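Below is model-v7.txt, holding compact mmCIF, C-alpha atoms.
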```
# COMPACT_ATOMS: atom_id res chain seq x y z
CA MET A 1 108.90 12.37 119.73
CA LYS A 2 112.06 11.24 117.93
CA VAL A 3 111.51 9.94 114.39
CA PHE A 4 114.05 8.47 111.95
CA HIS A 5 113.27 8.66 108.22
CA VAL A 6 115.37 6.24 106.14
CA VAL A 7 115.77 6.53 102.35
CA THR A 8 117.82 4.38 99.98
CA LEU A 9 119.89 6.97 98.14
CA PHE A 10 120.38 10.71 97.89
CA THR A 11 122.30 12.26 95.00
CA PRO A 12 122.72 15.91 93.93
CA THR A 13 120.56 15.21 90.88
CA GLY A 14 117.82 13.21 92.62
CA ASP A 15 118.56 9.95 90.82
CA PHE A 16 116.33 7.90 93.14
CA GLY A 17 113.36 10.01 92.12
CA GLY A 18 110.12 10.68 93.95
CA PRO A 19 110.77 8.89 97.28
CA THR A 20 113.64 11.24 98.09
CA ARG A 21 111.53 14.33 97.43
CA VAL A 22 108.66 12.89 99.45
CA ALA A 23 110.96 12.17 102.41
CA VAL A 24 112.46 15.66 102.27
CA ASN A 25 109.02 17.30 102.08
CA GLN A 26 107.74 15.20 104.96
CA THR A 27 110.78 15.91 107.11
CA ARG A 28 110.53 19.65 106.55
CA ALA A 29 106.79 19.72 107.34
CA LEU A 30 107.08 17.51 110.44
CA ARG A 31 109.91 19.63 111.82
CA THR A 32 107.73 22.68 111.35
CA MET A 33 105.12 20.93 113.50
CA GLY A 34 107.72 20.49 116.23
CA LEU A 35 108.68 16.83 115.77
CA ASP A 36 112.32 15.78 116.13
CA VAL A 37 112.95 14.13 112.76
CA THR A 38 116.31 12.78 111.56
CA LEU A 39 116.55 12.23 107.80
CA LEU A 40 118.94 9.38 106.96
CA GLY A 41 120.10 7.91 103.69
CA GLY A 42 122.83 6.48 101.56
CA SER A 43 124.48 9.06 99.35
CA ARG A 44 126.51 9.38 96.20
CA GLY A 45 128.07 12.39 94.49
CA PHE A 46 128.05 14.82 97.41
CA GLY A 47 131.09 16.63 98.74
CA ILE A 48 132.66 15.63 102.04
CA GLY A 49 130.66 16.96 104.95
CA GLU A 50 127.48 17.69 102.93
CA THR A 51 124.54 17.68 105.36
CA GLN A 52 121.67 19.29 103.46
CA ILE A 53 119.16 18.03 100.92
CA ASP A 54 117.15 20.85 99.37
CA GLY A 55 117.70 22.95 102.46
CA VAL A 56 116.78 20.16 104.89
CA GLU A 57 119.41 18.90 107.34
CA ALA A 58 120.20 15.22 106.83
CA GLN A 59 122.62 12.52 107.93
CA LEU A 60 124.22 11.21 104.74
CA PHE A 61 126.32 8.07 104.48
CA GLY A 62 128.41 7.02 101.52
CA SER A 63 127.02 4.11 99.53
CA LEU A 64 128.31 1.41 97.22
CA THR A 65 126.65 -0.47 94.37
CA LEU A 66 127.25 -4.20 94.28
CA GLY A 67 127.92 -5.71 90.87
CA SER A 68 128.62 -4.07 87.55
CA LYS A 69 125.14 -2.64 86.91
CA ALA A 70 124.11 0.61 88.58
CA ARG A 71 120.89 -0.80 90.05
CA PHE A 72 119.19 0.78 93.05
CA ALA A 73 118.43 -2.70 94.40
CA ALA A 74 122.17 -3.28 94.72
CA VAL A 75 122.89 -0.08 96.68
CA ILE A 76 124.40 -0.72 100.10
CA SER A 77 125.53 1.66 102.84
CA PRO A 78 127.39 -0.14 105.64
CA ARG A 79 128.06 3.13 107.49
CA LEU A 80 124.33 3.88 107.64
CA ILE A 81 123.57 0.40 109.01
CA PHE A 82 126.32 0.72 111.65
CA TRP A 83 124.97 4.16 112.60
CA LEU A 84 121.50 2.68 113.09
CA VAL A 85 122.87 -0.10 115.28
CA ARG A 86 124.45 2.53 117.55
CA ASN A 87 121.56 5.01 117.53
CA LEU A 88 118.26 3.17 117.09
CA ARG A 89 117.69 3.14 120.84
CA LYS A 90 117.11 6.93 120.60
CA ALA A 91 114.23 6.62 118.13
CA ASP A 92 110.55 6.39 119.05
CA VAL A 93 109.37 5.74 115.49
CA VAL A 94 111.31 4.54 112.45
CA HIS A 95 109.79 5.53 109.11
CA VAL A 96 111.36 3.54 106.26
CA HIS A 97 110.74 4.54 102.64
CA LEU A 98 110.80 0.90 101.68
CA SER A 99 112.25 -0.61 98.53
CA ARG A 100 113.74 -3.96 97.62
CA ASP A 101 117.30 -2.90 98.34
CA LEU A 102 120.15 -3.41 100.78
CA VAL A 103 119.62 -0.13 102.61
CA THR A 104 115.96 0.16 103.56
CA LEU A 105 115.20 -3.54 104.07
CA PRO A 106 118.08 -4.00 106.58
CA ALA A 107 117.04 -0.75 108.27
CA ALA A 108 113.48 -2.06 108.69
CA VAL A 109 114.71 -5.39 110.03
CA LEU A 110 116.96 -3.61 112.53
CA ALA A 111 114.06 -1.46 113.72
CA LEU A 112 112.04 -4.61 114.39
CA LEU A 113 114.96 -6.31 116.16
CA PHE A 114 115.30 -3.25 118.39
CA SER A 115 111.53 -3.40 119.07
CA LYS A 116 110.97 0.03 117.59
CA SER A 117 107.67 1.26 116.21
CA LEU A 118 108.13 0.74 112.47
CA VAL A 119 106.15 2.34 109.67
CA VAL A 120 106.96 1.67 106.04
CA GLN A 121 106.09 3.59 102.89
CA PRO A 122 106.81 1.62 99.70
CA HIS A 123 105.96 4.41 97.18
CA GLY A 124 104.66 1.81 94.74
CA MET A 125 108.06 0.07 94.67
CA ILE A 126 106.87 -3.17 96.29
CA ALA A 127 104.77 -5.15 93.83
CA PRO A 128 104.70 -8.71 92.47
CA THR A 129 107.54 -9.48 90.08
CA ARG A 130 108.73 -12.36 87.93
CA LYS A 131 112.35 -11.89 88.96
CA LEU A 132 113.40 -14.96 90.91
CA ALA A 133 115.85 -13.12 93.20
CA ALA A 134 113.24 -10.51 94.11
CA ARG A 135 110.58 -13.16 94.78
CA LEU A 136 112.97 -15.02 97.07
CA LEU A 137 113.81 -11.77 98.89
CA ASP A 138 110.10 -11.09 99.32
CA GLN A 139 109.48 -14.48 100.92
CA LEU A 140 112.47 -14.18 103.23
CA VAL A 141 112.31 -10.51 104.20
CA THR A 142 109.93 -8.10 102.45
CA ILE A 143 106.61 -9.78 103.32
CA ARG A 144 107.68 -10.28 106.93
CA VAL A 145 108.59 -6.60 107.23
CA LEU A 146 105.22 -5.57 105.77
CA ARG A 147 103.36 -7.83 108.20
CA LYS A 148 105.28 -6.70 111.28
CA ALA A 149 105.16 -2.98 110.50
CA ALA A 150 102.82 -0.95 112.72
CA THR A 151 101.43 0.58 109.56
CA VAL A 152 102.06 0.44 105.82
CA PHE A 153 101.40 3.73 104.06
CA TYR A 154 100.05 3.31 100.54
CA LEU A 155 99.45 5.82 97.78
CA SER A 156 96.52 4.60 95.75
CA ARG A 157 94.13 1.78 94.97
CA GLN A 158 96.66 0.48 92.46
CA GLU A 159 99.33 0.14 95.12
CA LEU A 160 96.88 -1.43 97.55
CA ASP A 161 96.00 -4.05 94.94
CA ALA A 162 99.68 -4.68 94.16
CA ILE A 163 100.53 -5.29 97.81
CA GLY A 164 97.43 -7.48 98.11
CA ARG A 165 98.75 -9.68 95.31
CA LEU A 166 101.99 -10.04 97.24
CA THR A 167 100.51 -10.91 100.63
CA SER A 168 97.13 -10.95 102.35
CA LEU A 169 95.95 -7.46 103.24
CA GLU A 170 94.14 -8.87 106.26
CA ARG A 171 97.53 -9.39 107.91
CA LEU A 172 98.65 -5.80 107.31
CA HIS A 173 97.83 -2.46 108.91
CA MET A 174 97.25 -0.23 105.89
CA THR A 175 96.86 3.56 105.96
CA LYS A 176 96.34 5.71 102.89
CA LEU A 177 98.89 8.52 102.59
CA PRO A 178 99.12 10.61 99.42
CA ASN A 179 102.26 12.41 98.37
CA GLY A 180 102.20 15.99 99.56
CA ILE A 181 103.32 18.98 97.58
CA PRO A 182 104.62 22.20 99.14
CA SER A 183 103.68 25.50 97.57
CA PRO A 184 106.15 26.41 94.81
CA ALA A 185 108.82 28.79 96.05
CA SER A 186 109.64 30.08 92.59
CA ALA A 187 108.01 33.03 90.86
CA LEU A 188 105.95 31.26 88.23
CA LEU A 189 105.34 32.43 84.70
CA SER A 190 101.94 32.08 83.13
CA ALA A 191 101.59 29.50 80.37
CA GLY A 192 101.30 32.31 77.85
CA GLU A 193 104.63 33.79 78.96
CA SER A 194 106.46 30.48 79.12
CA GLY A 195 106.75 30.04 75.37
CA THR A 196 106.13 26.75 73.66
CA ASP A 197 108.47 24.37 75.43
CA VAL A 198 107.13 20.85 76.02
CA LEU A 199 108.85 19.17 78.94
CA PHE A 200 109.64 15.60 80.00
CA LEU A 201 111.18 15.65 83.48
CA ALA A 202 111.92 12.22 84.95
CA ARG A 203 114.56 9.51 84.99
CA LEU A 204 115.36 8.26 81.52
CA ASN A 205 114.38 4.65 82.12
CA VAL A 206 112.14 2.10 80.45
CA ARG A 207 109.02 2.64 82.56
CA LYS A 208 109.07 6.42 82.13
CA ARG A 209 109.28 5.94 78.31
CA PRO A 210 111.41 8.89 77.22
CA ASP A 211 111.67 7.17 73.83
CA GLN A 212 107.92 7.69 73.36
CA PHE A 213 108.38 11.38 74.14
CA VAL A 214 111.07 11.59 71.43
CA ARG A 215 108.82 9.83 68.91
CA MET A 216 106.12 12.36 69.72
CA ALA A 217 108.64 15.17 69.23
CA GLN A 218 109.58 13.76 65.83
CA ARG A 219 105.95 13.73 64.74
CA LEU A 220 105.24 17.26 65.96
CA SER A 221 108.48 18.92 64.88
CA THR A 222 107.31 19.05 61.27
CA VAL A 223 103.90 20.59 62.06
CA LYS A 224 104.96 22.77 65.01
CA PRO A 225 108.28 24.25 63.90
CA GLY A 226 108.46 26.80 66.73
CA VAL A 227 108.00 24.28 69.53
CA THR A 228 110.88 22.85 71.57
CA PHE A 229 110.88 19.46 73.27
CA SER A 230 113.07 19.13 76.35
CA LEU A 231 114.05 16.04 78.30
CA VAL A 232 115.41 16.67 81.80
CA GLY A 233 116.52 13.95 84.19
CA PRO A 234 119.26 11.50 85.11
CA ASP A 235 120.18 8.58 82.90
CA GLY A 236 118.23 5.56 84.07
CA GLY A 237 119.57 3.31 81.35
CA MET A 238 118.07 4.95 78.25
CA GLY A 239 120.22 8.06 77.90
CA ARG A 240 122.26 6.78 74.98
CA GLU A 241 119.17 5.46 73.21
CA VAL A 242 117.45 8.84 73.55
CA VAL A 243 120.47 10.72 72.17
CA ASN A 244 120.73 8.29 69.25
CA MET A 245 117.03 8.65 68.47
CA ILE A 246 117.28 12.45 68.43
CA THR A 247 120.24 12.20 66.05
CA ASN A 248 118.68 9.57 63.79
CA PHE A 249 115.37 11.46 63.60
CA ARG A 250 117.30 14.66 62.79
CA ILE A 251 115.35 16.69 65.33
CA HIS A 252 118.29 18.03 67.37
CA HIS A 253 117.22 21.56 66.35
CA SER A 254 114.03 21.17 68.41
CA THR A 255 114.67 18.32 70.83
CA LYS A 256 117.35 18.07 73.50
CA TRP A 257 118.25 16.06 76.58
CA GLU A 258 119.44 18.64 79.10
CA GLY A 259 120.73 16.13 81.65
CA ALA A 260 119.83 15.96 85.33
CA LEU A 261 118.87 18.78 87.68
CA ALA A 262 119.05 19.10 91.44
CA PRO A 263 115.61 18.48 92.98
CA SER A 264 115.60 22.06 94.27
CA GLU A 265 115.71 23.30 90.65
CA THR A 266 112.92 21.23 89.14
CA LEU A 267 110.05 23.64 89.90
CA ASP A 268 111.93 26.51 88.29
CA ARG A 269 112.56 24.38 85.21
CA MET A 270 108.91 23.39 85.01
CA SER A 271 107.84 27.02 85.19
CA LEU A 272 109.85 27.68 82.00
CA SER A 273 107.78 25.19 80.01
CA ALA A 274 104.22 25.38 78.77
CA ILE A 275 103.22 21.70 79.01
CA TYR A 276 104.44 18.75 81.07
CA VAL A 277 104.31 15.31 79.44
CA LEU A 278 104.93 12.01 81.25
CA PRO A 279 104.39 8.98 78.98
CA ALA A 280 105.20 6.58 81.87
CA VAL A 281 103.22 3.38 82.35
CA ASP A 282 101.98 2.23 85.76
CA GLU A 283 103.14 5.45 87.43
CA PRO A 284 102.37 4.88 91.14
CA PHE A 285 101.59 8.51 91.90
CA GLY A 286 103.94 10.86 90.10
CA MET A 287 105.55 13.57 92.21
CA THR A 288 106.64 15.35 89.03
CA VAL A 289 103.02 15.42 87.84
CA LEU A 290 101.95 17.04 91.12
CA GLU A 291 104.83 19.49 90.90
CA ALA A 292 103.92 20.47 87.33
CA LEU A 293 100.32 21.02 88.35
CA SER A 294 101.44 23.12 91.32
CA CYS A 295 103.32 25.28 88.79
CA GLU A 296 100.04 25.86 86.92
CA ARG A 297 101.10 23.70 84.01
CA PRO A 298 98.65 21.40 82.20
CA VAL A 299 99.87 17.80 82.12
CA VAL A 300 99.66 14.97 79.62
CA VAL A 301 99.82 11.47 81.14
CA THR A 302 98.78 7.89 80.35
CA ASP A 303 95.69 6.12 81.63
CA THR A 304 97.85 3.85 83.83
CA CYS A 305 99.06 6.81 85.90
CA ALA A 306 97.47 6.68 89.37
CA LEU A 307 96.74 10.41 89.10
CA ALA A 308 94.80 10.04 85.83
CA PRO A 309 91.35 10.08 87.53
CA PHE A 310 92.34 13.18 89.50
CA ILE A 311 93.47 14.93 86.31
CA GLU A 312 90.23 14.05 84.51
CA ASP A 313 88.02 14.97 87.47
CA HIS A 314 89.61 18.42 87.77
CA ASP A 315 90.10 18.97 84.03
CA CYS A 316 93.73 19.99 84.57
CA GLY A 317 95.34 17.99 81.79
CA ILE A 318 94.78 15.27 79.22
CA VAL A 319 94.85 11.51 79.82
CA THR A 320 95.95 9.39 76.86
CA ASP A 321 96.46 5.72 76.08
CA GLY A 322 100.20 6.41 75.85
CA SER A 323 100.43 5.99 72.08
CA VAL A 324 102.45 8.46 70.02
CA GLU A 325 99.26 9.42 68.20
CA GLN A 326 97.31 10.35 71.33
CA LEU A 327 100.29 12.03 73.01
CA SER A 328 100.77 14.14 69.88
CA GLN A 329 97.10 15.01 69.65
CA ALA A 330 97.01 16.08 73.31
CA VAL A 331 100.07 18.31 73.04
CA CYS A 332 98.79 19.81 69.77
CA TYR A 333 95.47 20.64 71.39
CA LEU A 334 97.14 22.43 74.31
CA LEU A 335 99.52 24.34 72.05
CA GLU A 336 96.70 25.46 69.77
CA ASN A 337 94.44 26.44 72.67
CA PRO A 338 96.66 28.45 75.04
CA LEU A 339 93.77 29.97 76.99
CA ARG A 340 92.31 26.51 77.60
CA ALA A 341 95.75 25.31 78.67
CA LEU A 342 96.08 28.27 81.03
CA GLU A 343 92.69 27.48 82.60
CA MET A 344 93.72 23.85 83.04
CA GLY A 345 96.93 24.92 84.75
CA LYS A 346 95.13 27.20 87.19
CA ARG A 347 92.58 24.51 88.04
CA GLY A 348 95.39 22.01 88.57
CA ALA A 349 97.24 24.25 91.00
CA GLN A 350 94.08 24.90 93.01
CA ALA A 351 93.14 21.20 93.08
CA VAL A 352 96.63 20.05 94.10
CA THR A 353 96.83 22.60 96.91
CA LYS A 354 93.47 21.46 98.25
CA ALA A 355 93.93 17.70 97.86
CA TYR A 356 97.66 17.20 98.37
CA GLY A 357 98.87 20.01 100.59
CA MET A 358 101.70 19.14 102.96
CA ASN A 359 99.73 20.29 106.00
CA ASP A 360 97.21 17.47 105.60
CA VAL A 361 99.92 14.90 104.89
CA SER A 362 102.00 15.88 107.91
CA THR A 363 98.89 15.78 110.12
CA ILE A 364 98.22 12.18 109.02
CA LEU A 365 101.83 11.28 109.75
CA GLU A 366 101.88 12.89 113.17
CA SER A 367 98.61 11.20 114.16
CA SER A 368 99.88 7.84 112.94
CA TYR A 369 103.15 8.16 114.83
CA LYS A 370 101.35 9.05 118.06
CA ALA A 371 98.82 6.24 117.65
CA ILE A 372 101.49 3.55 117.34
CA HIS A 373 103.92 4.97 119.89
CA GLU A 374 101.67 6.10 122.74
CA PRO A 375 99.99 3.13 124.50
CA SER A 376 96.95 5.22 125.40
CA ALA A 377 96.36 6.31 121.81
CA ALA A 378 93.78 4.61 119.66
CA LYS A 379 94.93 2.06 117.13
CA ILE A 380 95.62 3.42 113.65
CA PRO A 381 92.43 2.95 111.65
CA SER A 382 92.72 0.85 108.56
CA ASP A 383 90.95 2.39 105.58
CA ILE A 384 90.95 -0.72 103.40
CA ARG A 385 87.17 -1.11 103.72
CA GLU A 386 86.66 2.50 102.70
CA GLU A 387 88.87 1.97 99.65
CA GLU A 388 87.10 -1.24 98.66
CA SER A 389 83.67 0.32 98.94
CA SER A 390 84.59 3.33 96.83
```
What do you get writing this file as structure tokens?
Amino acid sequence: MKVFHVVTLFTPTGDFGGPTRVAVNQTRALRTMGLDVTLLGGSRGFGIGETQIDGVEAQLFGSLTLGSKARFAAVISPRLIFWLVRNLRKADVVHVHLSRDLVTLPAAVLALLFSKSLVVQPHGMIAPTRKLAARLLDQLVTIRVLRKAATVFYLSRQELDAIGRLTSLERLHMTKLPNGIPSPASALLSAGESGTDVLFLARLNVRKRPDQFVRMAQRLSTVKPGVTFSLVGPDGGMGREVVNMITNFRIHHSTKWEGALAPSETLDRMSLSAIYVLPAVDEPFGMTVLEALSCERPVVVTDTCALAPFIEDHDCGIVTDGSVEQLSQAVCYLLENPLRALEMGKRGAQAVTKAYGMNDVSTILESSYKAIHEPSAAKIPSDIREEESS
């Protein structure tokens, strides 16, 4: 079976975030199972002839950003679209990591025009919005793509509800698919050996709230003088604000923005910290949270993170209301109770391996592909009723 995976944008520093890591992980796992998977995407910042993303072969096409603002929604890759026009006939299934942009939406439309089996995975990026342009795009294109897709993979109840507010779920074929996490390849340090570094690793944008992390660092720097607070990630529009806050708070001795890292380096960086903190609101799933847990690190998140119930159920971190006070209290507790933090980290790694291992995810994908492509296969079961009854 020939499968195309289409992603909006690949960069050396993983600017597009979780969807790119998910697509790479899925591609690697499916190829291991014997499927013929081609990973496609717009690209920026790579050298000429670059064909690998985190060790996975890919077809990369240069991209442009329309307008003056570096928005992902304005990313376009004409060469990728032309390549699809010439090569879509070879595909059995087209798996689009769907966003409101000018790469994945046209790719999905082309797949439908070529009568290809289309599956879409929005990663929490398709939800109701007040933006007029996005609402118009939804009515003209997005909703039609969702309705015509053979299946729509969703992450969580929150995403299911969001899509339901956009269009009737009864007209969609929904299948639950969690993000999968491969086993860390790095040699991990125990929490006790990793010092007292508190880590924020994500894009520096409004929803991730790096400013809240800096405010927490300001509060704790006076009572925890030996602790360091590190921000790692590409500038998503708040880089300058974060730097100015660190300067104005006079905490540059303990707090630093290290810039972006290649996705292949994030697990190693996490293993050098003791605690992972993500103050983000409405986090759809949080690949970085899963990665931190896989590195045996306790996590601190907000109660709007889709993984919050998982973290509470397995006692592998602390869920807060996102306020500076509660974030500070959670980090203080973990720093002052290193053995408890170590136990949380170990439980988290065991729980993530069991619940979100790539083997299970790739099995769901393979079964879904076969069910929609092979006429004799049973129809993909919708698990909406199961979700609603839980």
Using all atoms listed in the file, which protein or nucleic acid residues come within 8 Å of stretch 245-259 of chain A? Drop anything in the same chain fewer than 3 positions from it, and give the result as a compact mmCIF listing (two decimals) with C-alpha atoms, keeping the file's coordinate frame.
```
# COMPACT_ATOMS: atom_id res chain seq x y z
CA ASP A 211 111.67 7.17 73.83
CA VAL A 214 111.07 11.59 71.43
CA ALA A 217 108.64 15.17 69.23
CA GLN A 218 109.58 13.76 65.83
CA SER A 221 108.48 18.92 64.88
CA PRO A 225 108.28 24.25 63.90
CA VAL A 227 108.00 24.28 69.53
CA THR A 228 110.88 22.85 71.57
CA PHE A 229 110.88 19.46 73.27
CA SER A 230 113.07 19.13 76.35
CA LEU A 231 114.05 16.04 78.30
CA VAL A 232 115.41 16.67 81.80
CA GLY A 233 116.52 13.95 84.19
CA PRO A 234 119.26 11.50 85.11
CA ASP A 235 120.18 8.58 82.90
CA GLU A 241 119.17 5.46 73.21
CA VAL A 242 117.45 8.84 73.55
```
Inset, instruction - Would you be able to write out as an NGL selection string which residues have an atom within 10 Å of (110.7, 18.6, 103.9) in the file's coordinates, counting only C-alpha atoms? - result: :A and (20-32 or 39 or 53-57 or 180-182 or 358 or 362)
With C-alpha atoms retained, export the selected residues as a PDB file, in the frame of the given file.
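The new file part15.pdb reads:
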```
ATOM      1  CA  THR A  20     113.640  11.240  98.090  1.00  0.00           C
ATOM      2  CA  ARG A  21     111.530  14.330  97.430  1.00  0.00           C
ATOM      3  CA  VAL A  22     108.660  12.890  99.450  1.00  0.00           C
ATOM      4  CA  ALA A  23     110.960  12.170 102.410  1.00  0.00           C
ATOM      5  CA  VAL A  24     112.460  15.660 102.270  1.00  0.00           C
ATOM      6  CA  ASN A  25     109.020  17.300 102.080  1.00  0.00           C
ATOM      7  CA  GLN A  26     107.740  15.200 104.960  1.00  0.00           C
ATOM      8  CA  THR A  27     110.780  15.910 107.110  1.00  0.00           C
ATOM      9  CA  ARG A  28     110.530  19.650 106.550  1.00  0.00           C
ATOM     10  CA  ALA A  29     106.790  19.720 107.340  1.00  0.00           C
ATOM     11  CA  LEU A  30     107.080  17.510 110.440  1.00  0.00           C
ATOM     12  CA  ARG A  31     109.910  19.630 111.820  1.00  0.00           C
ATOM     13  CA  THR A  32     107.730  22.680 111.350  1.00  0.00           C
ATOM     14  CA  LEU A  39     116.550  12.230 107.800  1.00  0.00           C
ATOM     15  CA  ILE A  53     119.160  18.030 100.920  1.00  0.00           C
ATOM     16  CA  ASP A  54     117.150  20.850  99.370  1.00  0.00           C
ATOM     17  CA  GLY A  55     117.700  22.950 102.460  1.00  0.00           C
ATOM     18  CA  VAL A  56     116.780  20.160 104.890  1.00  0.00           C
ATOM     19  CA  GLU A  57     119.410  18.900 107.340  1.00  0.00           C
ATOM     20  CA  GLY A 180     102.200  15.990  99.560  1.00  0.00           C
ATOM     21  CA  ILE A 181     103.320  18.980  97.580  1.00  0.00           C
ATOM     22  CA  PRO A 182     104.620  22.200  99.140  1.00  0.00           C
ATOM     23  CA  MET A 358     101.700  19.140 102.960  1.00  0.00           C
ATOM     24  CA  SER A 362     102.000  15.880 107.910  1.00  0.00           C
TER      25      SER A 362
END
```
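With only C-alpha atoms as the atoms that count, the residue of A:Gly239, A:Val352, A:Thr104, A:Ser168 with the shortest distance to A:Val289 is A:Val352.
Across A:Ala74, A:Val206, A:Leu199, A:Leu64, the tightest approach to A:Ala133 is made by A:Ala74 when counting only C-alpha atoms.
By chain and then residue number, the residues within 6 Å of stretch 115-121 of chain A are A:Val93, A:Val94, A:His95, A:Val96, A:His97, A:Leu98, A:Ala149, A:Ala150, A:Thr151, A:Val152, A:Phe153, counting only C-alpha atoms and disregarding those fewer than 6 positions away in sequence.
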